[in-house]
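So this block is my_file-v9.cif, mmCIF, C-alpha atoms and all ligand atoms:
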```cif
data_start
#
loop_
_atom_site.group_PDB
_atom_site.id
_atom_site.type_symbol
_atom_site.label_atom_id
_atom_site.label_comp_id
_atom_site.auth_asym_id
_atom_site.auth_seq_id
_atom_site.Cartn_x
_atom_site.Cartn_y
_atom_site.Cartn_z
ATOM 1 C CA MET M 140 7.360 19.328 -20.588
ATOM 2 C CA ALA M 141 6.446 15.857 -21.850
ATOM 3 C CA THR M 142 4.599 15.287 -25.140
ATOM 4 C CA SER M 143 1.132 13.752 -24.817
ATOM 5 C CA CYS M 144 2.495 10.375 -25.952
ATOM 6 C CA GLU M 145 5.278 10.398 -23.340
ATOM 7 C CA LYS M 146 2.739 11.535 -20.789
ATOM 8 C CA MET M 147 0.403 8.629 -21.569
ATOM 9 C CA LYS M 148 3.306 6.167 -21.286
ATOM 10 C CA LYS M 149 4.189 7.577 -17.881
ATOM 11 C CA ILE M 150 0.588 7.404 -16.633
ATOM 12 C CA GLN M 151 0.492 3.728 -17.623
ATOM 13 C CA GLY M 152 3.563 3.181 -15.443
ATOM 14 C CA HIS M 153 2.096 4.966 -12.433
ATOM 15 C CA PRO M 154 0.263 2.721 -9.980
ATOM 16 C CA CYS M 155 -1.605 5.621 -8.345
ATOM 17 C CA PHE M 156 -3.005 6.980 -11.587
ATOM 18 C CA GLY M 157 -4.661 3.848 -12.890
ATOM 19 C CA GLY M 158 -1.408 2.312 -14.228
ATOM 20 C CA ASN M 159 -0.909 -1.424 -13.658
ATOM 21 C CA HIS M 160 -0.558 -1.569 -9.874
ATOM 22 C CA HIS M 161 0.157 -5.315 -9.901
ATOM 23 C CA LYS M 162 3.317 -4.677 -11.903
ATOM 24 C CA ASN M 163 4.490 -1.138 -11.224
ATOM 25 C CA GLY M 164 5.566 0.073 -7.813
ATOM 26 C CA ARG M 165 6.438 3.332 -6.146
ATOM 27 C CA MET M 166 9.030 4.350 -3.629
ATOM 28 C CA HIS M 167 8.170 7.034 -1.111
ATOM 29 C CA LEU M 168 10.906 9.150 0.396
ATOM 30 C CA ALA M 169 10.035 10.620 3.809
ATOM 31 C CA VAL M 170 12.124 13.795 3.558
ATOM 32 C CA ALA M 171 9.520 16.488 4.359
ATOM 33 C CA PRO M 172 8.815 16.849 8.116
ATOM 34 C CA LYS M 173 7.180 20.284 8.486
ATOM 35 C CA CYS M 174 3.602 21.272 7.684
ATOM 36 C CA ASN M 175 2.017 24.699 7.163
ATOM 37 C CA ILE M 176 -1.632 23.914 7.881
ATOM 38 C CA LYS M 177 -3.511 21.884 10.488
ATOM 39 C CA CYS M 178 -6.154 19.477 9.216
ATOM 40 C CA GLY M 179 -8.759 18.441 11.784
ATOM 41 C CA TYR M 180 -8.028 14.764 11.147
ATOM 42 C CA CYS M 181 -4.270 15.065 11.661
ATOM 43 C CA THR M 182 -2.555 14.094 14.894
ATOM 44 C CA ARG M 183 0.890 15.229 13.737
ATOM 45 C CA ARG M 184 2.302 12.176 15.475
ATOM 46 C CA HIS M 185 2.186 10.198 12.245
ATOM 47 C CA ASP M 186 2.646 10.628 8.512
ATOM 48 C CA CYS M 187 0.543 13.156 6.613
ATOM 49 C CA ALA M 188 -2.945 11.665 6.445
ATOM 50 C CA ASN M 189 -3.319 13.018 2.906
ATOM 51 C CA GLU M 190 -1.573 9.949 1.569
ATOM 52 C CA SER M 191 -0.725 7.835 4.547
ATOM 53 C CA ARG M 192 -2.189 5.385 6.931
ATOM 54 C CA PRO M 193 -2.244 6.775 10.470
ATOM 55 C CA GLY M 194 -0.638 4.795 13.246
ATOM 56 C CA VAL M 195 2.736 4.468 11.564
ATOM 57 C CA THR M 196 5.506 7.009 11.409
ATOM 58 C CA SER M 197 8.141 6.968 8.722
ATOM 59 C CA ARG M 198 11.791 7.304 9.555
ATOM 60 C CA LEU M 199 12.816 10.724 8.320
ATOM 61 C CA LEU M 200 15.610 10.808 5.735
ATOM 62 C CA SER M 201 17.870 13.655 4.652
ATOM 63 C CA PRO M 202 18.121 14.157 0.855
ATOM 64 C CA GLU M 203 21.578 12.514 0.962
ATOM 65 C CA GLU M 204 20.211 9.500 2.857
ATOM 66 C CA ALA M 205 17.263 9.360 0.484
ATOM 67 C CA ILE M 206 19.430 9.065 -2.630
ATOM 68 C CA VAL M 207 21.452 6.305 -0.979
ATOM 69 C CA ARG M 208 18.163 4.481 -0.312
ATOM 70 C CA VAL M 209 17.047 4.963 -3.938
ATOM 71 C CA ARG M 210 20.351 3.498 -5.171
ATOM 72 C CA GLU M 211 19.856 0.444 -2.942
ATOM 73 C CA VAL M 212 16.270 -0.065 -4.026
ATOM 74 C CA MET M 213 17.083 0.306 -7.723
ATOM 75 C CA ALA M 214 20.040 -2.087 -7.421
ATOM 76 C CA SER M 215 17.966 -4.747 -5.644
ATOM 77 C CA PRO M 216 16.688 -7.603 -7.846
ATOM 78 C CA VAL M 217 13.451 -7.580 -5.800
ATOM 79 C CA THR M 218 12.559 -3.901 -6.018
ATOM 80 C CA GLY M 219 14.700 -2.526 -8.862
ATOM 81 C CA PRO M 220 12.607 -3.893 -11.735
ATOM 82 C CA ILE M 221 9.257 -2.769 -10.324
ATOM 83 C CA ILE M 222 9.906 0.735 -9.014
ATOM 84 C CA LYS M 223 8.724 3.256 -11.592
ATOM 85 C CA VAL M 224 7.796 6.203 -9.378
ATOM 86 C CA ILE M 225 9.580 8.235 -6.726
ATOM 87 C CA GLY M 226 6.966 9.925 -4.539
ATOM 88 C CA ILE M 227 7.385 12.507 -1.810
ATOM 89 C CA ALA M 228 4.297 12.638 0.369
ATOM 90 C CA GLY M 229 5.397 13.675 3.810
ATOM 91 C CA PRO M 230 5.462 13.087 6.687
ATOM 92 C CA GLY M 231 4.458 16.830 6.550
ATOM 93 C CA ASP M 232 3.798 18.926 3.426
ATOM 94 C CA PRO M 233 6.451 18.434 0.701
ATOM 95 C CA LEU M 234 6.197 21.992 -0.644
ATOM 96 C CA PHE M 235 6.947 23.455 2.787
ATOM 97 C CA ASN M 236 10.303 21.656 2.982
ATOM 98 C CA GLU M 237 13.305 22.570 0.826
ATOM 99 C CA GLU M 238 14.539 18.983 1.253
ATOM 100 C CA THR M 239 11.825 17.891 -1.186
ATOM 101 C CA PHE M 240 13.305 19.862 -4.063
ATOM 102 C CA GLU M 241 16.868 18.870 -3.237
ATOM 103 C CA THR M 242 15.848 15.208 -3.138
ATOM 104 C CA PHE M 243 14.124 15.377 -6.525
ATOM 105 C CA ARG M 244 17.217 17.050 -7.993
ATOM 106 C CA LEU M 245 19.444 14.255 -6.689
ATOM 107 C CA VAL M 246 17.074 11.566 -7.972
ATOM 108 C CA ASP M 247 16.751 13.197 -11.378
ATOM 109 C CA ARG M 248 20.504 13.415 -11.816
ATOM 110 C CA GLU M 249 21.016 9.659 -11.341
ATOM 111 C CA PHE M 250 17.640 8.186 -12.318
ATOM 112 C CA PRO M 251 16.087 10.484 -14.940
ATOM 113 C CA ASP M 252 13.641 7.777 -16.071
ATOM 114 C CA LEU M 253 11.888 7.476 -12.711
ATOM 115 C CA ILE M 254 8.578 9.358 -12.564
ATOM 116 C CA LYS M 255 8.721 12.200 -10.055
ATOM 117 C CA CYS M 256 5.519 12.419 -8.039
ATOM 118 C CA MET M 257 4.469 14.607 -5.131
ATOM 119 C CA SER M 258 1.502 14.879 -2.825
ATOM 120 C CA THR M 259 0.603 18.201 -1.172
ATOM 121 C CA ASN M 260 -2.082 20.148 0.662
ATOM 122 C CA GLY M 261 -1.669 22.689 -2.164
ATOM 123 C CA LEU M 262 -1.168 25.866 -0.105
ATOM 124 C CA LEU M 263 2.200 26.658 -1.691
ATOM 125 C CA LEU M 264 1.450 25.393 -5.191
ATOM 126 C CA PRO M 265 1.266 28.781 -6.970
ATOM 127 C CA ASP M 266 4.398 30.013 -5.129
ATOM 128 C CA LYS M 267 6.409 26.886 -5.920
ATOM 129 C CA MET M 268 5.140 26.166 -9.434
ATOM 130 C CA PRO M 269 8.280 27.578 -11.132
ATOM 131 C CA VAL M 270 10.430 25.200 -9.038
ATOM 132 C CA LEU M 271 8.203 22.228 -9.863
ATOM 133 C CA LYS M 272 8.343 23.147 -13.537
ATOM 134 C CA ALA M 273 12.137 23.343 -13.445
ATOM 135 C CA LEU M 274 12.288 19.954 -11.709
ATOM 136 C CA GLY M 275 10.076 18.365 -14.360
ATOM 137 C CA LEU M 276 7.578 17.021 -11.839
ATOM 138 C CA HIS M 277 5.339 14.585 -13.663
ATOM 139 C CA SER M 278 2.538 13.726 -11.248
ATOM 140 C CA LEU M 279 0.916 15.814 -8.588
ATOM 141 C CA THR M 280 -1.627 14.890 -5.941
ATOM 142 C CA VAL M 281 -3.522 17.684 -4.192
ATOM 143 C CA THR M 282 -5.726 17.030 -1.184
ATOM 144 C CA LEU M 283 -8.802 19.180 -1.713
ATOM 145 C CA ASN M 284 -11.529 18.644 0.880
ATOM 146 C CA THR M 285 -13.844 21.551 0.114
ATOM 147 C CA LEU M 286 -14.431 24.470 -2.229
ATOM 148 C CA ASP M 287 -16.288 26.422 0.464
ATOM 149 C CA PRO M 288 -14.078 28.616 2.691
ATOM 150 C CA GLU M 289 -16.614 28.379 5.583
ATOM 151 C CA ILE M 290 -16.343 24.582 5.561
ATOM 152 C CA GLY M 291 -12.578 25.000 5.151
ATOM 153 C CA GLY M 292 -12.592 26.962 8.404
ATOM 154 C CA ARG M 293 -14.117 23.921 10.119
ATOM 155 C CA ILE M 294 -11.715 21.416 8.564
ATOM 156 C CA TYR M 295 -8.470 23.399 9.044
ATOM 157 C CA SER M 296 -7.779 24.911 12.444
ATOM 158 C CA TYR M 297 -5.110 27.142 10.909
ATOM 159 C CA VAL M 298 -3.266 27.971 7.717
ATOM 160 C CA HIS M 299 0.207 29.472 7.955
ATOM 161 C CA TYR M 300 1.014 31.428 4.794
ATOM 162 C CA ARG M 301 3.834 33.874 4.031
ATOM 163 C CA GLY M 302 4.585 34.510 7.704
ATOM 164 C CA THR M 303 0.991 34.989 8.927
ATOM 165 C CA THR M 304 -1.281 32.456 10.602
ATOM 166 C CA TYR M 305 -4.964 32.510 9.621
ATOM 167 C CA SER M 306 -7.987 30.695 11.012
ATOM 168 C CA GLY M 307 -11.698 30.259 10.249
ATOM 169 C CA LYS M 308 -13.132 31.379 6.929
ATOM 170 C CA GLU M 309 -10.044 33.462 6.132
ATOM 171 C CA ALA M 310 -7.837 30.353 6.389
ATOM 172 C CA GLY M 311 -10.292 28.500 4.143
ATOM 173 C CA GLU M 312 -10.271 31.285 1.581
ATOM 174 C CA ILE M 313 -6.497 31.377 1.209
ATOM 175 C CA LEU M 314 -6.133 27.611 1.074
ATOM 176 C CA VAL M 315 -8.952 26.962 -1.420
ATOM 177 C CA HIS M 316 -7.805 29.826 -3.651
ATOM 178 C CA ASN M 317 -4.225 28.530 -3.780
ATOM 179 C CA GLN M 318 -5.291 24.918 -4.271
ATOM 180 C CA LEU M 319 -7.481 25.752 -7.281
ATOM 181 C CA GLU M 320 -4.975 28.167 -8.795
ATOM 182 C CA GLY M 321 -2.207 25.595 -8.269
ATOM 183 C CA ILE M 322 -4.222 22.833 -9.951
ATOM 184 C CA ARG M 323 -4.971 25.143 -12.885
ATOM 185 C CA GLN M 324 -1.308 26.059 -13.343
ATOM 186 C CA ALA M 325 -0.129 22.444 -12.974
ATOM 187 C CA ALA M 326 -2.611 21.286 -15.617
ATOM 188 C CA GLU M 327 -1.449 24.056 -17.913
ATOM 189 C CA LEU M 328 2.120 22.780 -17.532
ATOM 190 C CA GLY M 329 0.978 19.285 -18.497
ATOM 191 C CA MET M 330 1.322 17.590 -15.096
ATOM 192 C CA THR M 331 -0.883 14.589 -14.382
ATOM 193 C CA ILE M 332 -3.078 15.508 -11.432
ATOM 194 C CA LYS M 333 -4.842 13.377 -8.838
ATOM 195 C CA ILE M 334 -7.212 14.937 -6.324
ATOM 196 C CA ASN M 335 -7.486 13.325 -2.903
ATOM 197 C CA THR M 336 -10.626 14.197 -0.969
ATOM 198 C CA VAL M 337 -11.092 12.973 2.586
ATOM 199 C CA LEU M 338 -14.800 12.310 3.088
ATOM 200 C CA ILE M 339 -15.702 13.739 6.509
ATOM 201 C CA PRO M 340 -19.347 12.766 7.132
ATOM 202 C CA GLY M 341 -21.498 15.702 8.225
ATOM 203 C CA VAL M 342 -18.790 18.201 7.237
ATOM 204 C CA ASN M 343 -17.934 18.022 3.515
ATOM 205 C CA ASP M 344 -20.373 15.445 2.029
ATOM 206 C CA SER M 345 -22.143 18.066 -0.076
ATOM 207 C CA GLN M 346 -18.823 19.210 -1.513
ATOM 208 C CA ILE M 347 -17.847 15.970 -3.261
ATOM 209 C CA PRO M 348 -19.834 16.458 -6.518
ATOM 210 C CA LEU M 349 -18.824 20.124 -6.631
ATOM 211 C CA ILE M 350 -15.156 19.241 -6.201
ATOM 212 C CA SER M 351 -15.245 16.544 -8.873
ATOM 213 C CA LYS M 352 -16.839 18.932 -11.389
ATOM 214 C CA GLN M 353 -14.493 21.804 -10.612
ATOM 215 C CA VAL M 354 -11.266 19.779 -10.727
ATOM 216 C CA LYS M 355 -12.291 18.073 -13.958
ATOM 217 C CA GLU M 356 -12.785 21.500 -15.496
ATOM 218 C CA LEU M 357 -9.379 22.596 -14.237
ATOM 219 C CA GLY M 358 -7.697 19.608 -15.882
ATOM 220 C CA ALA M 359 -7.308 16.962 -13.141
ATOM 221 C CA PHE M 360 -6.983 13.355 -14.322
ATOM 222 C CA VAL M 361 -8.406 11.273 -11.478
ATOM 223 C CA MET M 362 -10.030 11.598 -8.040
ATOM 224 C CA ASN M 363 -9.419 9.527 -4.934
ATOM 225 C CA ILE M 364 -12.177 9.809 -2.314
ATOM 226 C CA MET M 365 -10.686 8.596 0.958
ATOM 227 C CA PRO M 366 -12.601 7.679 4.120
ATOM 228 C CA LEU M 367 -12.039 9.780 7.229
ATOM 229 C CA ILE M 368 -10.016 8.014 9.883
ATOM 230 C CA PRO M 369 -11.552 9.469 13.053
ATOM 231 C CA GLN M 370 -8.849 11.025 15.178
ATOM 232 C CA ALA M 371 -7.713 14.414 16.552
ATOM 233 C CA ASP M 372 -10.515 17.064 16.205
ATOM 234 C CA PHE M 373 -12.644 14.592 14.227
ATOM 235 C CA ALA M 374 -12.262 11.653 16.622
ATOM 236 C CA HIS M 375 -16.012 11.797 17.382
ATOM 237 C CA ILE M 376 -17.131 11.463 13.747
ATOM 238 C CA GLU M 377 -18.294 8.074 12.523
ATOM 239 C CA PRO M 378 -16.249 7.119 9.407
ATOM 240 C CA PRO M 379 -18.148 6.479 6.166
ATOM 241 C CA SER M 380 -19.067 2.865 5.414
ATOM 242 C CA ALA M 381 -17.520 1.014 2.464
ATOM 243 C CA GLU M 382 -20.947 1.000 0.776
ATOM 244 C CA ARG M 383 -21.298 4.761 1.129
ATOM 245 C CA LEU M 384 -17.842 5.265 -0.330
ATOM 246 C CA ASP M 385 -18.572 2.937 -3.260
ATOM 247 C CA ALA M 386 -21.848 4.714 -4.006
ATOM 248 C CA LEU M 387 -20.181 8.114 -3.909
ATOM 249 C CA ARG M 388 -17.389 6.969 -6.207
ATOM 250 C CA SER M 389 -19.908 5.531 -8.691
ATOM 251 C CA ASP M 390 -21.924 8.771 -8.650
ATOM 252 C CA ASN M 391 -18.858 10.867 -9.369
ATOM 253 C CA GLU M 392 -17.277 8.509 -11.882
ATOM 254 C CA LYS M 393 -19.389 10.105 -14.595
ATOM 255 C CA THR M 394 -17.684 13.416 -13.910
ATOM 256 C CA ILE M 395 -14.074 12.317 -13.317
ATOM 257 C CA GLY M 396 -12.315 8.920 -13.162
ATOM 258 C CA GLN M 397 -12.159 7.445 -9.651
ATOM 259 C CA PHE M 398 -9.081 5.764 -8.177
ATOM 260 C CA LYS M 399 -10.353 2.885 -6.081
ATOM 261 C CA HIS M 400 -7.393 0.880 -4.843
ATOM 262 C CA CYS M 401 -5.647 3.426 -2.640
ATOM 263 C CA LYS M 402 -4.258 1.707 0.424
ATOM 264 C CA GLN M 403 -3.255 4.889 2.231
ATOM 265 C CA CYS M 404 0.367 3.798 2.202
ATOM 266 C CA ARG M 405 2.937 5.152 4.609
ATOM 267 C CA ALA M 406 5.256 7.991 3.609
ATOM 268 C CA ASP M 407 8.213 5.610 3.279
ATOM 269 C CA ALA M 408 6.433 2.737 1.470
ATOM 270 C CA VAL M 409 8.423 0.843 -1.165
ATOM 271 C CA GLY M 410 7.079 -1.635 -3.713
ATOM 272 C CA LEU M 411 3.686 -2.517 -5.126
ATOM 273 C CA ILE M 412 0.590 -0.904 -3.628
ATOM 274 C CA GLY M 413 -0.632 -3.033 -0.749
ATOM 275 C CA GLU M 414 2.782 -4.583 -0.228
ATOM 276 C CA ASN M 415 5.655 -3.076 1.638
ATOM 277 C CA LEU M 416 9.028 -4.358 0.617
ATOM 278 C CA GLN M 417 11.074 -2.033 2.725
ATOM 279 C CA LEU M 418 12.378 -4.851 4.927
ATOM 280 C CA ALA M 419 14.031 -6.349 1.856
ATOM 281 C CA VAL M 420 16.054 -3.217 1.302
ATOM 282 C CA ALA M 421 16.322 -1.688 4.775
ATOM 283 C CA THR M 422 20.048 -2.092 4.949
ATOM 284 C CA ALA M 423 20.680 1.569 5.711
ATOM 285 C CA ASP M 424 18.862 1.526 9.090
HETATM 286 FE FE1 LIG Q 1 -1.348 16.739 8.797
HETATM 287 FE FE2 LIG Q 1 -0.874 16.403 6.203
HETATM 288 FE FE3 LIG Q 1 -2.874 17.988 7.008
HETATM 289 FE FE4 LIG Q 1 -0.353 18.736 7.332
HETATM 290 S S1 LIG Q 1 -1.421 18.431 5.372
HETATM 291 S S2 LIG Q 1 -1.991 18.869 8.861
HETATM 292 S S3 LIG Q 1 0.665 16.759 7.822
HETATM 293 S S4 LIG Q 1 -2.721 15.748 7.315
HETATM 294 FE FE1 LIG Q 2 2.587 9.777 -5.841
HETATM 295 FE FE2 LIG Q 2 0.907 10.037 -3.932
HETATM 296 FE FE3 LIG Q 2 1.141 7.716 -5.130
HETATM 297 FE FE4 LIG Q 2 3.007 8.577 -3.604
HETATM 298 S S1 LIG Q 2 0.964 8.141 -2.995
HETATM 299 S S2 LIG Q 2 3.322 7.692 -5.564
HETATM 300 S S3 LIG Q 2 2.993 10.724 -3.901
HETATM 301 S S4 LIG Q 2 0.349 9.591 -6.005
HETATM 302 FE FE1 LIG Q 3 -1.013 5.084 -4.194
HETATM 303 FE FE2 LIG Q 3 -2.790 5.558 -2.265
HETATM 304 FE FE3 LIG Q 3 -0.506 4.410 -1.681
HETATM 305 FE FE4 LIG Q 3 -0.594 6.827 -2.511
HETATM 306 S S1 LIG Q 3 -1.441 6.142 -0.637
HETATM 307 S S2 LIG Q 3 0.887 5.151 -3.105
HETATM 308 S S3 LIG Q 3 -2.309 6.879 -3.908
HETATM 309 S S4 LIG Q 3 -2.073 3.573 -2.954
#
```

Would you encode the structure as structure tokens?
Ligand code: SF4
Ligand code: SF4
Ligand code: SF4
Amino acid sequence: MATSCEKMKKIQGHPCFGGNHHKNGRMHLAVAPKCNIKCGYCTRRHDCANESRPGVTSRLLSPEEAIVRVREVMASPVTGPIIKVIGIAGPGDPLFNEETFETFRLVDREFPDLIKCMSTNGLLLPDKMPVLKALGLHSLTVTLNTLDPEIGGRIYSYVHYRGTTYSGKEAGEILVHNQLEGIRQAAELGMTIKINTVLIPGVNDSQIPLISKQVKELGAFVMNIMPLIPQADFAHIEPPSAERLDALRSDNEKTIGQFKHCKQCRADAVGLIGENLQLAVATAD
């Protein structure tokens, strides 16, 4: 694992962890189609809402296609100099797809200096931690929407774990337990951890301060409170206003640093946050 000095250098290069997002970009590889849980805000027609803007679907790549795309992007004078991070964030859950690990292996072999980053619902984190350790994953984002299994039962209509499908409080219990244990283990291994929390008004508002305190204690680096995009089971819920979100972030900033410029990028975004340069490099389509 990286020394604390190397780790700090890498954080500074990571646009999603407070690094200079006007200078450093990330490349997402959409290699992970399947998901093992069902979030109430997910339509499954689009990219995983944990990191992505709904309404757009990424073109799925195989690991072999993904490495070809990375070579193109790194060779391009437009994108090559700015891409510092390779992220796998969907369109389903990266840990539930073997393609994720294969892709990281391929990237590491040719581009060992790129920061390997992954975003997950966290269900399989304890099971897959040895693989992530062996891969040298640097940054990890976990979407943690509640600490309370009852509330979890309302947010997740099911959790599919080790061959069994759970619902209600039982689903919440398994998911929350694995998320927290996974965050603890990842912090112990020295990974840089971001927590995404989707604010679902009337459902998990009370959980936000509890989550920020708990994840700080477990060793997370930054928190990203994201507004609900009303769709699927939560289509009837009014999304939080920008003012409400700002106030909540300010309140929780004292507990853990808040990431405020998330643009909910798509699972195949390339370039600086807020820009999408994929047209410049989309020669493989
Ligand atoms: Fe959808 Fe992502 Fe939730 Fe899976 S983890 S149900 S893909 S939002
Ligand atoms: Fe990593 Fe998530 Fe940012 Fe992608 S969106 S680079 S997976 S933190
Ligand atoms: Fe970064 Fe947010 Fe985009 Fe992820 S979705 S790359 S956290 S800006």

For this session: Starting from the displayed file, determine the output of the PyMOL selection byres (((not hetatm)) within 8 of (chain Q and resi 2)) and express the residue list as a list in words.
Result: His153, Pro154, Cys155, Phe156, Arg165, Met166, His167, Glu190, Ser191, Val224, Ile225, Gly226, Ile227, Ala228, Lys255, Cys256, Met257, Ser258, Ser278, Leu279, Thr280, Lys333, Gln403, Cys404 and Ala406 of chain M

Just write the chosen residues, C-alpha atoms, as a compact mmCIF listing (two decimals), in the coordinates of the input.
```
# COMPACT_ATOMS: atom_id res chain seq x y z
CA HIS M 153 2.10 4.97 -12.43
CA PRO M 154 0.26 2.72 -9.98
CA CYS M 155 -1.60 5.62 -8.35
CA PHE M 156 -3.00 6.98 -11.59
CA ARG M 165 6.44 3.33 -6.15
CA MET M 166 9.03 4.35 -3.63
CA HIS M 167 8.17 7.03 -1.11
CA GLU M 190 -1.57 9.95 1.57
CA SER M 191 -0.72 7.84 4.55
CA VAL M 224 7.80 6.20 -9.38
CA ILE M 225 9.58 8.24 -6.73
CA GLY M 226 6.97 9.93 -4.54
CA ILE M 227 7.38 12.51 -1.81
CA ALA M 228 4.30 12.64 0.37
CA LYS M 255 8.72 12.20 -10.06
CA CYS M 256 5.52 12.42 -8.04
CA MET M 257 4.47 14.61 -5.13
CA SER M 258 1.50 14.88 -2.82
CA SER M 278 2.54 13.73 -11.25
CA LEU M 279 0.92 15.81 -8.59
CA THR M 280 -1.63 14.89 -5.94
CA LYS M 333 -4.84 13.38 -8.84
CA GLN M 403 -3.26 4.89 2.23
CA CYS M 404 0.37 3.80 2.20
CA ALA M 406 5.26 7.99 3.61
```

For this session: Go through M:His400, M:His299, M:Arg323, M:Arg210 one by one, measure the shortest atom-to-atom distance of each to ligand LIG 1 (chain Q) using all atoms listed in the file, and give the residue with the smallest value.
Result: M:His299

Exercise. Which distance in Å separates CA of Val298 in chain M and CA of Arg184 in chain M, to one decimal?
Worked result: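 About the pair CA of Val298 in chain M and CA of Arg184 in chain M: they are 18.5 Å apart.
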
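Shortest separation to ligand LIG 1 (chain Q) among M:Ala359, M:Ala326, M:Cys181, M:Leu264 occurs at residue M:Cys181, atoms counted being only C-alpha atoms and all ligand atoms.
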
For this session: In the coordinate frame of the file, compute which residues have an atom within 6 Å of (-18.1, 23.0, -3.1) when using all atoms listed in the file, and state them as a PyMOL selection string.
Result: chain M and resi 285-287+346+349-350

Problem set entry | Nearest to His185 in chain M by atom-to-atom distance, counting only C-alpha atoms, from M:Ala169, M:Leu271, M:Leu234, M:Leu200 |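 Closest residue, counting only C-alpha atoms: M:Ala169.
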
Problem set entry | Expansion of the PyMOL selection byres (((chain M and resi 242) around 8) and not hetatm) into residues, as a PyMOL selection string | chain M and resi 170+202-203+205-206+238-241+243-246

Check which residues of chain M sit at most 8 Å from ligand LIG 1 (chain Q) using all atoms listed in the file, and return one row each with the closest pair of atoms and their distance in Å to one decimal, ordered by chain and rising number, as JSON lines.
```
{"residue": "M:Lys173", "atom": "CA", "partner": "Q:LIG1", "partner_atom": "S3", "distance": 7.4}
{"residue": "M:Cys174", "atom": "CA", "partner": "Q:LIG1", "partner_atom": "FE4", "distance": 4.7}
{"residue": "M:Asn175", "atom": "CA", "partner": "Q:LIG1", "partner_atom": "FE4", "distance": 6.4}
{"residue": "M:Ile176", "atom": "CA", "partner": "Q:LIG1", "partner_atom": "S2", "distance": 5.2}
{"residue": "M:Lys177", "atom": "CA", "partner": "Q:LIG1", "partner_atom": "S2", "distance": 3.7}
{"residue": "M:Cys178", "atom": "CA", "partner": "Q:LIG1", "partner_atom": "S2", "distance": 4.2}
{"residue": "M:Gly179", "atom": "CA", "partner": "Q:LIG1", "partner_atom": "S2", "distance": 7.4}
{"residue": "M:Tyr180", "atom": "CA", "partner": "Q:LIG1", "partner_atom": "S4", "distance": 6.6}
{"residue": "M:Cys181", "atom": "CA", "partner": "Q:LIG1", "partner_atom": "FE1", "distance": 4.4}
{"residue": "M:Thr182", "atom": "CA", "partner": "Q:LIG1", "partner_atom": "FE1", "distance": 6.8}
{"residue": "M:Arg183", "atom": "CA", "partner": "Q:LIG1", "partner_atom": "FE1", "distance": 5.6}
{"residue": "M:Asp186", "atom": "CA", "partner": "Q:LIG1", "partner_atom": "S3", "distance": 6.5}
{"residue": "M:Cys187", "atom": "CA", "partner": "Q:LIG1", "partner_atom": "FE2", "distance": 3.6}
{"residue": "M:Ala188", "atom": "CA", "partner": "Q:LIG1", "partner_atom": "S4", "distance": 4.2}
{"residue": "M:Asn189", "atom": "CA", "partner": "Q:LIG1", "partner_atom": "S4", "distance": 5.2}
{"residue": "M:Glu190", "atom": "CA", "partner": "Q:LIG1", "partner_atom": "FE2", "distance": 8.0}
{"residue": "M:Gly229", "atom": "CA", "partner": "Q:LIG1", "partner_atom": "S3", "distance": 6.9}
{"residue": "M:Pro230", "atom": "CA", "partner": "Q:LIG1", "partner_atom": "S3", "distance": 6.1}
{"residue": "M:Gly231", "atom": "CA", "partner": "Q:LIG1", "partner_atom": "S3", "distance": 4.0}
{"residue": "M:Asp232", "atom": "CA", "partner": "Q:LIG1", "partner_atom": "S1", "distance": 5.6}
{"residue": "M:Thr259", "atom": "CA", "partner": "Q:LIG1", "partner_atom": "S1", "distance": 6.9}
{"residue": "M:Asn260", "atom": "CA", "partner": "Q:LIG1", "partner_atom": "S1", "distance": 5.1}
{"residue": "M:Thr282", "atom": "CA", "partner": "Q:LIG1", "partner_atom": "S1", "distance": 8.0}
{"residue": "M:Tyr295", "atom": "CA", "partner": "Q:LIG1", "partner_atom": "S2", "distance": 7.9}
```
